[in-house]
Amino acid sequence: MRNRVREQRTQRGLSQAELAAALGVSRQTVISIESGRYLPSLPLAFTIARFFDLTVDKMFDPDDEETGA
Amino acid sequence: MMTFLPLRLRKPAMYSLAGLLFAGAWLAHGGRLWWVSVPALIGTVAIAARLYRLGGTDTDEGARAGSRADERQQLVSMRSRALACNLAAVTSFIGLTAAIALRAPWWWPFLVTLLITGYGYLFGLGSFGVAEEGTPDDADTESPTQFPVGS
């Protein structure tokens, strides 16, 4: 699962700690999500997408292998 | 439990309580080994202080020690506890079978631990939603909802 968290965060000039505070999670969790090591829960995925004014499917994309595309 | 305490104090308080009980048990034991309660108490204070200090750090361990773990940290903690429970169950089974084979009198603590972990697992399955009650989607057709005809 790919995501655009790092891309969106850097576009807005936010640090990982600032994003973590805004989302109500730890900085380590933001790092894990950005690196793809952790898939957030559905509520957190919605929180992230809403924070960046995007939809969940724009924020999180399945890998090409998974979609078979 | 302990919700009246600030988050950072909860884990240290819980360990302090456990340590006090442990030290008290040695004191109640009395005899020549009453003094074990003193290092137990010192160890308890040291662990509680370390947990409190750790709870202030910006790490995964700090978040858990400070009772402010987010969903990922809680998931990691839950997986670790599940692993610990699996190890306890396997160890208990090995201990029980070894004690039976050796005709040792210390078989029963292993049996108790094995029963607790086993029933704990079954209790967890019941509590966390396996075999949910409810009707399948098809059952809805048996008593269809009547919608008013729109004008």
# chains A, B, ... in the order shown; residues from 1 in each chain; ligands from 1

$ residues_around --residues "Leu14 (chain A)" --least-positions-apart "6" --cutoff "12 Å" --atoms "only C-alpha atoms" --output "short mmCIF file (atom, residue, chain, number, x, y, z; two decimals) with N, CA and C atoms, in the first residue's frame"
data_model
loop_
_atom_site.label_atom_id
_atom_site.label_comp_id
_atom_site.auth_asym_id
_atom_site.auth_seq_id
_atom_site.Cartn_x
_atom_site.Cartn_y
_atom_site.Cartn_z
N VAL A 5 1.37 10.55 2.25
CA VAL A 5 1.47 11.33 3.48
C VAL A 5 2.72 12.20 3.48
N ARG A 6 3.86 11.58 3.15
CA ARG A 6 5.11 12.37 3.16
C ARG A 6 5.05 13.50 2.14
N GLU A 7 4.54 13.16 0.97
CA GLU A 7 4.45 14.16 -0.11
C GLU A 7 3.57 15.34 0.32
N GLN A 8 2.40 15.04 0.86
CA GLN A 8 1.48 16.10 1.28
C GLN A 8 2.04 16.91 2.46
N ALA A 20 2.03 14.84 13.50
CA ALA A 20 1.62 13.89 14.55
C ALA A 20 0.73 14.58 15.58
N ALA A 21 1.10 15.79 15.97
CA ALA A 21 0.29 16.52 16.95
C ALA A 21 -1.09 16.84 16.39
N ALA A 22 -1.13 17.19 15.11
CA ALA A 22 -2.41 17.52 14.49
C ALA A 22 -3.32 16.30 14.37
N VAL A 30 3.74 8.45 12.64
CA VAL A 30 3.78 9.16 11.35
C VAL A 30 4.93 8.62 10.50
N PHE A 52 -5.58 16.61 5.01
CA PHE A 52 -4.95 17.10 3.78
C PHE A 52 -5.97 17.45 2.69
#

$ interface_residues --of "chain A" --to "chain B" --cutoff "8 Å" --atoms "only C-alpha atoms" --output "ChimeraX atom specification"
/A:24-26,28-29,38,40-41

$ atom_distance --atom1 "CA of Ile42 (chain B)" --atom2 "CA of Met14 (chain B)"
15.6 Å

$ residues_around --residues "Val90 (chain B)" --least-positions-apart "5" --cutoff "9 Å" --atoms "only C-alpha atoms" --output "list in words"
Cys85, Gly95 and Leu114 of chain B

$ atom_distance --atom1 "CA of Pro109 (chain B)" --atom2 "CA of Gly19 (chain B)"
22.0 Å

$ atom_distance --atom1 "CA of Thr44 (chain B)" --atom2 "CA of Arg79 (chain B)"
26.0 Å

$ select_by_dssp --residues "region 30-119 of chain B" --states "alpha helix (DSSP H)" --output "MDAnalysis selection string"
chainID B and resid 37:54 60:65 71:101 108:119

$ write_last_selection --atoms "C-alpha atoms" --output "compact mmCIF listing (two decimals), in the first residue's frame"
# COMPACT_ATOMS: atom_id res chain seq x y z
CA SER B 37 11.34 -7.42 51.30
CA VAL B 38 13.94 -4.62 51.57
CA PRO B 39 15.64 -5.20 48.17
CA ALA B 40 12.18 -5.86 46.73
CA LEU B 41 11.10 -2.44 47.94
CA ILE B 42 14.27 -0.77 46.65
CA GLY B 43 13.81 -2.50 43.29
CA THR B 44 10.21 -1.36 43.14
CA VAL B 45 11.16 2.26 43.74
CA ALA B 46 13.91 2.02 41.10
CA ILE B 47 11.54 0.50 38.51
CA ALA B 48 8.80 3.05 39.24
CA ALA B 49 11.29 5.93 38.92
CA ARG B 50 12.67 4.50 35.66
CA LEU B 51 9.16 4.12 34.25
CA TYR B 52 8.29 7.69 35.20
CA ARG B 53 11.45 9.01 33.52
CA LEU B 54 10.85 6.82 30.46
CA ASP B 60 7.48 4.14 21.55
CA GLU B 61 8.61 2.79 24.91
CA GLY B 62 8.06 6.21 26.46
CA ALA B 63 4.52 6.38 25.08
CA ARG B 64 3.70 2.99 26.56
CA ALA B 65 5.32 3.81 29.89
CA GLU B 71 -3.17 2.88 17.90
CA ARG B 72 0.09 1.55 16.41
CA GLN B 73 1.85 1.49 19.76
CA GLN B 74 -1.15 -0.24 21.34
CA LEU B 75 -1.14 -2.78 18.52
CA VAL B 76 2.56 -3.51 19.06
CA SER B 77 1.94 -3.85 22.78
CA MET B 78 -1.02 -6.18 22.18
CA ARG B 79 1.03 -8.39 19.84
CA SER B 80 3.81 -8.58 22.41
CA ARG B 81 1.33 -9.61 25.10
CA ALA B 82 -0.14 -12.23 22.77
CA LEU B 83 3.35 -13.60 22.12
CA ALA B 84 4.07 -13.67 25.86
CA CYS B 85 0.81 -15.55 26.45
CA ASN B 86 1.67 -18.06 23.71
CA LEU B 87 5.08 -18.64 25.26
CA ALA B 88 3.49 -19.07 28.69
CA ALA B 89 1.05 -21.65 27.31
CA VAL B 90 3.75 -23.60 25.46
CA THR B 91 6.10 -23.48 28.45
CA SER B 92 3.31 -24.64 30.75
CA PHE B 93 2.52 -27.55 28.46
CA ILE B 94 6.19 -28.58 28.30
CA GLY B 95 6.51 -28.26 32.07
CA LEU B 96 3.34 -30.24 32.68
CA THR B 97 4.35 -33.10 30.38
CA ALA B 98 7.86 -33.16 31.87
CA ALA B 99 6.48 -33.22 35.41
CA ILE B 100 4.10 -36.07 34.53
CA ALA B 101 6.89 -38.06 32.89
CA TRP B 108 -0.03 -28.59 39.19
CA PRO B 109 1.32 -25.01 38.78
CA PHE B 110 1.89 -25.82 35.10
CA LEU B 111 -1.64 -27.18 34.81
CA VAL B 112 -3.09 -24.07 36.47
CA THR B 113 -1.14 -21.78 34.13
CA LEU B 114 -2.18 -23.84 31.11
CA LEU B 115 -5.84 -23.74 32.15
CA ILE B 116 -5.72 -19.98 32.79
CA THR B 117 -4.14 -19.25 29.40
CA GLY B 118 -6.56 -21.63 27.66
CA TYR B 119 -9.67 -20.24 29.31

$ residues_around --residues "Gln16 (chain A)" --least-positions-apart "5" --cutoff "8 Å" --atoms "only C-alpha atoms" --output "PyMOL selection string"
chain A and resi 9+27+30-31

$ select_by_dssp --residues "chain A" --states "strand (DSSP E)" --output "number ranges by chain"
A: 2-3, 60-61

$ write_last_selection --atoms "N, CA and C atoms" --output "tab-separated table (two decimals), in the first residue's frame"
chain	number	residue	atom	x	y	z
A	2	ARG	N	0.71	2.06	-1.04
A	2	ARG	CA	1.47	3.33	-1.08
A	2	ARG	C	0.60	4.43	-0.50
A	3	ASN	N	1.25	5.45	0.00
A	3	ASN	CA	0.46	6.59	0.47
A	3	ASN	C	1.20	7.89	0.16
A	60	PHE	N	-4.36	7.00	-0.06
A	60	PHE	CA	-3.79	5.66	0.05
A	60	PHE	C	-4.12	4.87	-1.21
A	61	ASP	N	-3.08	4.42	-1.90
A	61	ASP	CA	-3.27	3.65	-3.12
A	61	ASP	C	-2.73	2.24	-2.92

$ closest_residue --among "A:Glu18, A:Leu42, A:Ala49, A:Gly36" --to "Asp63 (chain A)" --atoms "only C-alpha atoms"
A:Gly36
